[in-house]
Amino acid sequence: MVWNTNLRWRLPVTCLLLQVALVVLFGVFVRYDSDADPHWTNRKMQENFTSDLENEFYYRYPSFQDVHVMIFVGFGFLMTFLQRYGYSSVGFNFLLAAFGIQWALLMQGWFHSYYQGYIHVGVENLINADFCVGSVCVAFGAVLGKVSPVQLLIMTLFQVTLFSVNEYILLSLLEVKDAGGSMTIHTFGAYFGLTVTWILYRPSLQQSKERQSAVYHSDLFAMIGTLFLWMYWPSFNSAVSNHGDAQHRAAINTYCSLAACVLTSVALSSALHKKGKLDMVHIQNATLAGGVAVGTAAEMMLMPYGSLIVGFICGIVSTLGFVYLTPFLEARLRIQDTCGIHNLHGIPGIIGAIVGAVTASCATSDVYGVNGFALAFGFDGFKTNWNASMQGKFQAAGLFVSLAMALVGGIIVGIILKLPFWGQPADENCFEDSVYWEMPEEPKSTVLHPEDSTLKPSEP
Amino acid sequence: MVWNTNLRWRLPVTCLLLQVALVVLFGVFVRYDSDADPHWTNRKMQENFTSDLENEFYYRYPSFQDVHVMIFVGFGFLMTFLQRYGYSSVGFNFLLAAFGIQWALLMQGWFHSYYQGYIHVGVENLINADFCVGSVCVAFGAVLGKVSPVQLLIMTLFQVTLFSVNEYILLSLLEVKDAGGSMTIHTFGAYFGLTVTWILYRPSLQQSKERQSAVYHSDLFAMIGTLFLWMYWPSFNSAVSNHGDAQHRAAINTYCSLAACVLTSVALSSALHKKGKLDMVHIQNATLAGGVAVGTAAEMMLMPYGSLIVGFICGIVSTLGFVYLTPFLEARLRIQDTCGIHNLHGIPGIIGAIVGAVTASCATSDVYGVNGFALAFGFDGFKTNWNASMQGKFQAAGLFVSLAMALVGGIIVGIILKLPFWGQPADENCFEDSVYWEMPEEPKSTVLHPEDSTLKPSEP
Amino acid sequence: MVWNTNLRWRLPVTCLLLQVALVVLFGVFVRYDSDADPHWTNRKMQENFTSDLENEFYYRYPSFQDVHVMIFVGFGFLMTFLQRYGYSSVGFNFLLAAFGIQWALLMQGWFHSYYQGYIHVGVENLINADFCVGSVCVAFGAVLGKVSPVQLLIMTLFQVTLFSVNEYILLSLLEVKDAGGSMTIHTFGAYFGLTVTWILYRPSLQQSKERQSAVYHSDLFAMIGTLFLWMYWPSFNSAVSNHGDAQHRAAINTYCSLAACVLTSVALSSALHKKGKLDMVHIQNATLAGGVAVGTAAEMMLMPYGSLIVGFICGIVSTLGFVYLTPFLEARLRIQDTCGIHNLHGIPGIIGAIVGAVTASCATSDVYGVNGFALAFGFDGFKTNWNASMQGKFQAAGLFVSLAMALVGGIIVGIILKLPFWGQPADENCFEDSVYWEMPEEPKSTVLHPEDSTLKPSEP
């Protein structure tokens with residue numbers, strides 16, 4: 001099938017319409033929260049803060065910046081592994097994330113920061129907007145190379161909306177704890193993306209097969225993405241945890257889980273190759289599964305060894321997924337998952353939700369201390385009579401809600417994206433930058449002959 | 001014209017002389033400020049600080065590191081888009097910034113941190129030195145590929161000096177607010193650089209035309225620069241703002257402006273291409289204009305929607321500039337602007353100055369609160385009788401002073417750099433690393449044939 | 001000599017055994033420290049902390065993340081300069097560091113954080129584990145390209161152990177100050193690595209000579225590593241210093257030293273080339289020597305000009321080392337030092353130890369203030385009667401202990417690694433990724449012909 005891929009009017013009009021709408025909605029609804037408003041000086045006096053440092057900015061801003069790097073450089077470069085899709089990987093990720101964070105500020109704002117007629121934004125809103133977009137970046141990994149930027153903007157519009165509804169159900173109605181988003185970000189994002197790519201199934205995709213792999217340099221660019229995701233994941237999982245020990249513990253647990261995950265990913269990658277060689281796909285992806293899988297439990301008393309065990313298992317499961325499950329999904333279930341997000345975010349996300357539910361169920365006030373216990377799970381107000389086991393059950397319920405939202409939402413959005421006028425590429429042009437990008441001419445002599453013949457001797 | 005480009009003695013002598021002078025001047029003038037001095041323990045007691053966290057280090061250090069990354073990786077890699085100038089882009093940027101920050105510590109120190117016979121440096125001085133060098137990096141973008149490292153060191157020496165004088169006039173004499181440097185850094189840096197490149201006009205530069213474009217991989221390296229600039233710009237604009245709400249607000253505003261700017265840059269890039277394709281030059285550059293244009297107003301009550309509007313406009317203006325203005329400037333005004341800094345820093349800088357002046361003029365104590373108002377604009381001491389409108393007028397005056405300093409300074413420095421003995425490359429050798437760098441031999445078989453024929457079977 | 005390089009069982013078994021052992025040991029020994037434990041709320045009340053910010057997390061976490069980036073991206077990418085060894089440079093560094101940090105948490109924990117039957121970990125332990133692994137990354141630079149991942153894991157196992165013993169002797173028995181690890185990390189790591197590579201001497205290594213150099217793009221990847229090391233080094237040297245002025249001062253001193261080092265490295269690089277051209281090897285490496293050389297003294301009253309002098313000298317010494325010493329070591333002493341770590345970590349590490357000893361000797365309570373003096377060197381408890389001169393002597397002793405440990409340890413570990421069954425590559429296959437990695441097929445048409453012939457016109 002051949003679609004018109006000339007986006008000359010469709011992409012500009014989509015971008016400008018969305019941005020104009022955002023400006024208007026921000027004008028009507030968005031104001032600074034009390035920590036970002038000049039009345040802070042008054043509030044500081046009223047609340048007897050001894051220092052400007054009590055401003056939320058100083059608790060959260062370094063973590064925010066780490067998360068920001070993960071979304072834009074981490075996800076963006078992780079997907080540059082494709083040999084001819086680097087511009088699009090980084091560029092479209094940039095575009096959808098820039099749109100998504102604005103829309104997320106509004107959607108999440110209406111659900112969580114809306115009072116006195118306005119959404120009040122501060123640094124925590126910025127982090128949560130980045131989180132929300134993270135789930136879109138995950139889904140992008142499934143459809144990478146097969147959709148147009150217009151489709152991506154539409155997917156982002158719907159996915160951010162659904163994400164916010166799902167997040168509201170989980171965090172506010174079910175009172176689920178999910179600081180690092182195993183359920184809200186990873187499970188939801190992965191199964192949403194997989195459902196969309198299932199609906200968008202392309203039977204003749206093998207026509208682009210040769211471009212669906214890496215070249216030497218593209219794999220190194222992808223490692224930039226991998227490493228920034230891996231290094232900053234402790235910040236991701238701790239960014240919105242409670243002040244003090246919870247943030248501290250979340251960072252330690254994530255650090256441990258990720259470290260263990262690297263060793264088992266390497267082990268399996270080598271063991272599953274007939275000559276024992278390592279596969280860059282596994283090193284780039286499976287090593288990160290440990291971060292996904294402690295997304296719910298990182299701030300709980302998972303213990304360092306518990307984190308190691310989670311990472312241990314996820315490195316194995318994720319690598320096995322890349323070797324056996326992805327080909328199976330593509331061949332049998334017609335799910336074409338470009339980046340293998342099912343192995344990096346899907347299964348590890350579910351594992352993370354289960355680990356979180358179990359860890360919450362086992363919590364006792366012996367382990368947490370009486371004050372710490374109430375604080376960690378918010379057991380006050382109407383939750384005063386809750387106990388750990390109830391918390392665990394609600395955690396499990398959160399997983400099922402997320403999966404249901406992802407599947408239903410993914411089907412609807414997939415059907416919308418299947419409409420023939422969004423500028424999607426033909427099957428034989430997938431994974432190819434030149435469909436949407438002005439490409440540089442590559443002079444024949446450049447890369448291989450450094451001593452350019454046009455370079456005249458400049459010595460007198 | 002053919003110059004001698006052998007720098008064997010000129011570059012080492014320049015570097016060593018400058019560095020020896022810096023050592024001597026640091027020995028005579030530079031000491032630690034009270035937050036970095038071991039007497040801090042005493043000061044803490046005297047001032048009744050309850051915690052070591054009151055040390056300025058903890059307020060500013062994370063922002064400092066983000067700014068540091070912007071200067072060295074951000075600007076350095078942004079300029080690697082040229083196919084044969086990656087070593088020089090990153091390497092010369094590294095050299096000039098390393099020299100510039102030392103010289104800026106002295107120059108800015110004499111103007112702002114000099115008391116009791118010494119310059120007292122702390123983390124805020126480090127940030128300001130990086131800022132100052134940022135303006136040199138901007139100017140470097142205009143002359144990129146056409147000057148020798150000796151010329152760059154000389155340009156840095158003069159530009160840092162002029163920057164510091166201009167900054168002193170604006171911040172200390174005119175009492176202008178310019179936390180993110182729309183005027184001091186971007187407008188000054190851009191028009192200084194444009195004036196220098198105008199003086200250094202090379203009529204036969206089309207001889208190097210083929211190297212003045214990107215190749216596939218060089219564009220991906222450049223995106224590393226773009227993204228680190230884009231992500232950390234909220235830190236840039238908030239790094240030296242007042243503690244508390246001002247830093248917080250500056251980060252939020254910059255985040256918003258940059259996000260909006262991405263969408264309108266993409267829209268215009270596609271709309272201006274006859275087949276609707278995107279141009280990496282716009283994605284790499286115009287997306288950043290939103291950060292430049294809130295450099296003055298970010299810490300003020302610009303409001304989130306105000307930031308979106310500024311970003312919206314700048315993405316459009318900047319992309320239009322790349323498409324129409326840069327070719328015009330080169331053809332008609334003989335301004336050869338390699339990186340298009342006029343579109344990324346020049347016009348957005350002026351817009352930023354105007355936005356700042358208007359935002360300051362409209363400030364009221366209703367919006368800021370009485371305390372907040374005085375704090376935000378420093379309306380105490382001799383400024384007790386100032387009002388917002390006066391502040392706005394002085395802001396506008398600051399823009400004109402910056403432009404005048406840039407033009408006059410640029411002409412003088414341009415004439416100095418035009419002297420024939422600085423080792424500049426011939427017109428046909430511009431944008432070529434091998435003039436100044438020992439180049440690796442590229443074995444013919446490397447990139448294309450991974451299964452190297454020299455690799456003997458190692459299996460027993 | 002031809003070894004079996006098929007790692008199919010050896011690498012997986014090694015990884016899994018090590019990781020299982022780590023899980024068990026963590027289960028038995030590792031718990032959260034009081035700042036990461038939910039009882040923090042109680043402790044906060046007991047110790048009258050006014051704010052959650054007193055949690056060590058907020059003092060150290062931003063520095064921790066910077067150090068983390070240095071270890072994984074900094075060291076990883078610095079070593080990608082080799083044209084055909086990028087996967088291994090980044091990937092093996094990732095593997096050994098992920099293993100090393102876990103083992104270091106245990107080893108350093110037993111020595112420094114073991115009480116009440118458990119190792120208590122917090123953010124400072126994470127930083128110290130990264131530091132410890134930093135010394136392994138240094139040693140990796142000497143053997144880069146010539147060892148298998150199994151050898152690297154074994155080397156890491158032993159080196160982390162020896163590092164921790166040495167660190168314990170220095171910091172706890174000799175009461176040495178070494179916040180940035182000139183002795184414990186750099187000197188120890190470098191001479192350990194050099195001794196190992198000396199034992200593993202390969203007489204026929206010139207068979208791989210053609211791959212032992214860079215290509216254009218690999219040098220740019222390496223600059224990513226260089227710049228992240230350079231930018232974040234102030235965080236490295238200040239990460240575990242005392243709260244307040246000591247951290248602040250360490251950052252300033254390191255910033256100054258590194259800046260000066262860039263100028264003298266460039267000067268020497270140009271002066272030592274017959275046509276005055278710069279060499280990327282020097283820019284990538286010698287520019288960092290200034291950070292190594294203030295690793296001991298950065299937190300002391302070295303003064304900004306003192307830092308400049310140290311950086312000045314180290315840029316010169318290090319570049320001279322690359323030009324003259326490395327070839328000499330290889331030809332005469334049979335030390336094949338792939339990355340030239342002797343010039344970047346060895347000599348500058350020794351210089352740093354000496355600078356530290358001298359700076360400590362010269363310390364007076366005039367300069368530090370009475371309180372500051374006792375605090376800076378821990379002159380209380382059993383050290384109450386120490387003076388600066390004694391401290392200086394113990395500092396010097398620390399250097400000799402580190403060198404002795406490195407040499408003896410290096411010989412033992414080198415002999416173990418020389419055993420023929422670790423999967424090491426043959427001499428003609430060194431510096432070649434395809435020995436251990438599944439390599440992508442590189443389609444002939446990709447890099448050079450962007451307008452791919454398979455791309456059919458998609459316009460209607």
# chains A, B, ... in the order shown; residues from 1 in each chain; ligands from 1
call {"tool": "closest_atom_pairs", "arguments": {"of": "chain C", "to": "chain B", "cutoff": "7 Å", "atoms": "only C-alpha atoms", "output": "Markdown table"}}
result
| residue | atom | partner | partner_atom | distance |
| --- | --- | --- | --- | --- |
| C:Val2 | CA | B:Ser458 | CA | 6.4 |
| C:Trp3 | CA | B:Ser458 | CA | 6.7 |
| C:Asn4 | CA | B:Glu459 | CA | 5.4 |
| C:Thr5 | CA | B:Ser458 | CA | 6.4 |
| C:Asn6 | CA | B:Glu459 | CA | 6.9 |
| C:Pro62 | CA | B:Pro62 | CA | 6.4 |
| C:Ala214 | CA | B:Pro440 | CA | 6.0 |
| C:Val215 | CA | B:Pro440 | CA | 5.6 |
| C:Tyr216 | CA | B:Pro440 | CA | 6.6 |
| C:Leu220 | CA | B:Gly86 | CA | 6.9 |
| C:Leu227 | CA | B:Val73 | CA | 6.6 |
| C:Met231 | CA | B:His68 | CA | 6.4 |
| C:His243 | CA | B:Asp52 | CA | 6.2 |
| C:Gly244 | CA | B:Asp52 | CA | 5.2 |
| C:Asp245 | CA | B:Ala36 | CA | 4.3 |
| C:Ala246 | CA | B:Ala36 | CA | 6.8 |
| C:His248 | CA | B:Ala36 | CA | 5.2 |
| C:Arg249 | CA | B:Ala36 | CA | 4.9 |
| C:Ala259 | CA | B:Ala98 | CA | 4.7 |
| C:Ala260 | CA | B:Gln19 | CA | 6.6 |
| C:Val262 | CA | B:Leu95 | CA | 6.4 |
| C:Leu263 | CA | B:Cys15 | CA | 5.6 |
| C:Thr264 | CA | B:Leu16 | CA | 6.4 |
| C:Ala267 | CA | B:Pro12 | CA | 3.8 |
| C:Leu268 | CA | B:Pro12 | CA | 6.4 |
| C:Ser270 | CA | B:Arg8 | CA | 5.5 |
| C:Ala271 | CA | B:Arg8 | CA | 5.1 |
| C:Lys275 | CA | B:Asn6 | CA | 5.6 |
| C:Gly276 | CA | B:Arg8 | CA | 3.5 |
| C:Lys277 | CA | B:Trp437 | CA | 4.8 |
| C:Leu278 | CA | B:Trp437 | CA | 4.7 |
| C:Asp279 | CA | B:Glu438 | CA | 5.4 |
| C:Met303 | CA | B:Arg31 | CA | 6.7 |
| C:Pro304 | CA | B:Val30 | CA | 6.7 |
| C:Tyr305 | CA | B:Gly27 | CA | 5.0 |
| C:Leu308 | CA | B:Val23 | CA | 6.1 |
| C:Ile309 | CA | B:Val23 | CA | 6.7 |
| C:Tyr368 | CA | B:Pro38 | CA | 5.1 |
| C:Gly369 | CA | B:His39 | CA | 5.6 |
| C:Asn371 | CA | B:Thr41 | CA | 6.9 |
| C:Gly372 | CA | B:Pro38 | CA | 4.9 |
| C:Glu428 | CA | B:Leu455 | CA | 6.9 |
| C:Asn429 | CA | B:Leu455 | CA | 5.8 |
| C:Met439 | CA | B:Pro450 | CA | 7.0 |
| C:Glu442 | CA | B:Leu448 | CA | 6.0 |
| C:Lys444 | CA | B:Leu448 | CA | 6.7 |
call {"tool": "write_last_selection", "arguments": {"atoms": "C-alpha atoms", "output": "mmCIF file, in the first residue's frame"}}
result
data_model
loop_
_atom_site.group_PDB
_atom_site.id
_atom_site.type_symbol
_atom_site.label_atom_id
_atom_site.label_comp_id
_atom_site.auth_asym_id
_atom_site.auth_seq_id
_atom_site.Cartn_x
_atom_site.Cartn_y
_atom_site.Cartn_z
ATOM 1 C CA VAL C 2 45.811 -19.479 19.908
ATOM 2 C CA TRP C 3 43.361 -19.753 22.755
ATOM 3 C CA ASN C 4 39.763 -20.791 22.669
ATOM 4 C CA THR C 5 37.792 -17.524 22.723
ATOM 5 C CA ASN C 6 34.382 -19.136 22.740
ATOM 6 C CA PRO C 62 23.869 15.166 43.108
ATOM 7 C CA ALA C 214 41.423 5.648 16.072
ATOM 8 C CA VAL C 215 39.203 6.507 13.154
ATOM 9 C CA TYR C 216 37.476 9.832 12.754
ATOM 10 C CA LEU C 220 34.451 11.883 18.623
ATOM 11 C CA LEU C 227 34.245 15.793 28.486
ATOM 12 C CA MET C 231 33.151 18.398 33.627
ATOM 13 C CA HIS C 243 29.950 19.045 54.518
ATOM 14 C CA GLY C 244 30.137 22.748 53.816
ATOM 15 C CA ASP C 245 33.339 24.544 52.973
ATOM 16 C CA ALA C 246 35.378 21.407 52.253
ATOM 17 C CA HIS C 248 32.852 23.739 48.151
ATOM 18 C CA ARG C 249 36.620 24.242 48.134
ATOM 19 C CA ALA C 259 41.142 24.471 33.284
ATOM 20 C CA ALA C 260 44.867 25.167 33.476
ATOM 21 C CA VAL C 262 43.775 22.044 29.105
ATOM 22 C CA LEU C 263 45.932 24.963 28.032
ATOM 23 C CA THR C 264 49.260 23.314 28.768
ATOM 24 C CA ALA C 267 50.502 23.820 24.110
ATOM 25 C CA LEU C 268 52.646 20.714 24.450
ATOM 26 C CA SER C 270 51.247 21.335 19.302
ATOM 27 C CA ALA C 271 54.868 21.998 20.256
ATOM 28 C CA LYS C 275 53.938 20.603 11.884
ATOM 29 C CA GLY C 276 52.413 21.983 15.077
ATOM 30 C CA LYS C 277 49.279 19.894 14.732
ATOM 31 C CA LEU C 278 47.274 18.751 17.715
ATOM 32 C CA ASP C 279 46.890 15.088 18.611
ATOM 33 C CA MET C 303 44.438 27.957 47.006
ATOM 34 C CA PRO C 304 43.117 28.630 43.498
ATOM 35 C CA TYR C 305 46.560 29.604 42.201
ATOM 36 C CA LEU C 308 46.380 26.279 38.582
ATOM 37 C CA ILE C 309 50.042 25.467 39.117
ATOM 38 C CA TYR C 368 42.306 27.206 58.541
ATOM 39 C CA GLY C 369 41.114 28.841 61.728
ATOM 40 C CA ASN C 371 38.004 25.004 64.413
ATOM 41 C CA GLY C 372 38.534 24.578 60.700
ATOM 42 C CA GLU C 428 46.374 -10.957 15.892
ATOM 43 C CA ASN C 429 42.803 -10.578 17.168
ATOM 44 C CA MET C 439 28.586 -8.010 14.737
ATOM 45 C CA GLU C 442 27.014 -3.626 7.218
ATOM 46 C CA LYS C 444 27.297 -1.870 1.372
#
call {"tool": "residues_around", "arguments": {"residues": "stretch 141-155 of chain A", "least_positions_apart": "2", "cutoff": "9 Å", "atoms": "only C-alpha atoms", "output": "ChimeraX atom specification"}}
result
/A:5,7,10-11,14-15,75,79,82,85,88-89,92-93,95-96,99-100,136-139,157-160,190,193-194,196-197,200,202,212,335-342,413-414,416-417,422-427,429-433,436
call {"tool": "residues_around", "arguments": {"residues": "stretch 164-178 of chain B", "least_positions_apart": "4", "cutoff": "8 Å", "atoms": "only C-alpha atoms", "output": "PDB file with C-alpha atoms, in the first residue's frame"}}
result
ATOM      1  CA  ALA B 104      36.314  35.435  33.455  1.00  0.00           C
ATOM      2  CA  MET B 107      37.459  39.970  35.143  1.00  0.00           C
ATOM      3  CA  GLN B 108      34.078  39.359  36.743  1.00  0.00           C
ATOM      4  CA  PHE B 111      33.913  43.960  39.067  1.00  0.00           C
ATOM      5  CA  HIS B 112      31.701  42.010  41.438  1.00  0.00           C
ATOM      6  CA  CYS B 132      30.622  34.528  30.293  1.00  0.00           C
ATOM      7  CA  VAL B 160      35.558  38.035  28.048  1.00  0.00           C
ATOM      8  CA  SER B 182      19.311  37.268  27.064  1.00  0.00           C
ATOM      9  CA  MET B 183      21.199  40.521  26.781  1.00  0.00           C
ATOM     10  CA  THR B 184      24.568  39.945  28.413  1.00  0.00           C
ATOM     11  CA  GLY B 295      16.695  34.514  29.574  1.00  0.00           C
ATOM     12  CA  THR B 296      15.714  37.848  31.069  1.00  0.00           C
ATOM     13  CA  ALA B 297      12.113  37.254  32.102  1.00  0.00           C
ATOM     14  CA  PHE B 377      13.758  43.627  41.570  1.00  0.00           C
ATOM     15  CA  GLN B 391      12.906  49.187  35.796  1.00  0.00           C
ATOM     16  CA  PHE B 394      16.515  50.551  32.306  1.00  0.00           C
ATOM     17  CA  GLN B 395      16.005  47.042  30.948  1.00  0.00           C
ATOM     18  CA  ALA B 397      18.587  50.692  27.908  1.00  0.00           C
ATOM     19  CA  GLY B 398      20.544  47.542  28.743  1.00  0.00           C
ATOM     20  CA  VAL B 401      24.230  49.164  25.555  1.00  0.00           C
ATOM     21  CA  SER B 402      24.799  45.475  24.826  1.00  0.00           C
ATOM     22  CA  MET B 405      29.331  47.119  22.969  1.00  0.00           C
TER      23      MET B 405
END
call {"tool": "select_by_dssp", "arguments": {"residues": "stretch 8-151 of chain A", "states": "strand (DSSP E)", "output": "PDB file with N, CA and C atoms, in the first residue's frame"}}
result
ATOM      1  N   VAL A  30      -3.321  27.468  34.091  1.00  0.00           N
ATOM      2  CA  VAL A  30      -2.075  27.152  34.785  1.00  0.00           C
ATOM      3  C   VAL A  30      -1.469  28.359  35.499  1.00  0.00           C
ATOM      4  N   ARG A  31      -1.171  28.189  36.758  1.00  0.00           N
ATOM      5  CA  ARG A  31      -0.491  29.194  37.565  1.00  0.00           C
ATOM      6  C   ARG A  31       0.649  28.512  38.325  1.00  0.00           C
ATOM      7  N   TYR A  32       1.525  29.316  38.946  1.00  0.00           N
ATOM      8  CA  TYR A  32       2.611  28.739  39.751  1.00  0.00           C
ATOM      9  C   TYR A  32       2.073  28.217  41.074  1.00  0.00           C
ATOM     10  N   TYR A 114      -5.352  20.738  40.970  1.00  0.00           N
ATOM     11  CA  TYR A 114      -6.376  21.723  40.627  1.00  0.00           C
ATOM     12  C   TYR A 114      -7.114  22.180  41.882  1.00  0.00           C
ATOM     13  N   TYR A 115      -6.953  23.438  42.222  1.00  0.00           N
ATOM     14  CA  TYR A 115      -7.731  24.000  43.327  1.00  0.00           C
ATOM     15  C   TYR A 115      -7.833  25.511  43.127  1.00  0.00           C
ATOM     16  N   TYR A 118      -7.536  26.893  39.520  1.00  0.00           N
ATOM     17  CA  TYR A 118      -6.325  26.832  38.710  1.00  0.00           C
ATOM     18  C   TYR A 118      -5.550  25.541  38.965  1.00  0.00           C
ATOM     19  N   ILE A 119      -4.769  25.168  37.947  1.00  0.00           N
ATOM     20  CA  ILE A 119      -3.731  24.153  38.140  1.00  0.00           C
ATOM     21  C   ILE A 119      -2.493  24.865  38.655  1.00  0.00           C
ATOM     22  N   HIS A 120      -1.945  24.406  39.755  1.00  0.00           N
ATOM     23  CA  HIS A 120      -0.751  25.036  40.318  1.00  0.00           C
ATOM     24  C   HIS A 120       0.458  24.146  40.051  1.00  0.00           C
ATOM     25  N   VAL A 121       1.403  24.640  39.271  1.00  0.00           N
ATOM     26  CA  VAL A 121       2.536  23.797  38.903  1.00  0.00           C
ATOM     27  C   VAL A 121       3.810  24.181  39.651  1.00  0.00           C
TER      28      VAL A 121
END
call {"tool": "residues_around", "arguments": {"residues": "B:Ser241", "least_positions_apart": "2", "cutoff": "8 Å", "atoms": "only C-alpha atoms", "output": "ChimeraX atom specification"}}
result
/B:179,237-239,243,246-247,250,299
call {"tool": "write_last_selection", "arguments": {"atoms": "C-alpha atoms", "output": "compact mmCIF listing (two decimals), in the first residue's frame"}}
result
# COMPACT_ATOMS: atom_id res chain seq x y z
CA ALA B 179 19.54 36.16 35.15
CA ASN B 237 18.21 30.46 33.40
CA SER B 238 17.71 29.72 37.09
CA ALA B 239 21.30 29.18 38.19
CA HIS B 243 17.05 31.52 46.38
CA ALA B 246 12.82 32.80 41.83
CA GLN B 247 14.99 29.81 40.95
CA ALA B 250 12.83 30.45 36.27
CA GLU B 299 12.62 34.62 36.98
call {"tool": "closest_residue", "arguments": {"among": "A:Tyr191, A:Phe81, A:Phe373, A:Phe328", "to": "A:Asn285", "atoms": "only C-alpha atoms"}}
result
A:Phe81
call {"tool": "residues_around", "arguments": {"residues": "B:Val323", "least_positions_apart": "2", "cutoff": "10 Å", "atoms": "only C-alpha atoms", "output": "ChimeraX atom specification"}}
result
/B:268-269,272-273,281-282,318-321,325-328,343
call {"tool": "write_last_selection", "arguments": {"atoms": "C-alpha atoms", "output": "short mmCIF file (atom, residue, chain, number, x, y, z; two decimals), in the first residue's frame"}}
result
data_model
loop_
_atom_site.label_atom_id
_atom_site.label_comp_id
_atom_site.auth_asym_id
_atom_site.auth_seq_id
_atom_site.Cartn_x
_atom_site.Cartn_y
_atom_site.Cartn_z
CA LEU B 268 7.89 25.71 10.22
CA SER B 269 10.68 23.38 9.18
CA LEU B 272 9.04 25.62 4.43
CA HIS B 273 10.28 22.48 2.62
CA VAL B 281 19.54 22.32 11.08
CA HIS B 282 16.24 23.64 12.38
CA SER B 318 14.23 31.32 14.36
CA THR B 319 13.29 28.79 11.66
CA LEU B 320 12.32 31.57 9.28
CA GLY B 321 15.70 33.12 10.00
CA LEU B 325 17.72 35.49 6.70
CA THR B 326 21.01 33.57 6.82
CA PRO B 327 21.31 33.31 3.01
CA PHE B 328 20.38 36.99 2.75
CA ASN B 343 18.74 32.97 14.34
#
call {"tool": "atom_distance", "arguments": {"atom1": "atom CA of B:Leu329", "atom2": "atom CA of B:Trp198"}}
result
9.7 Å
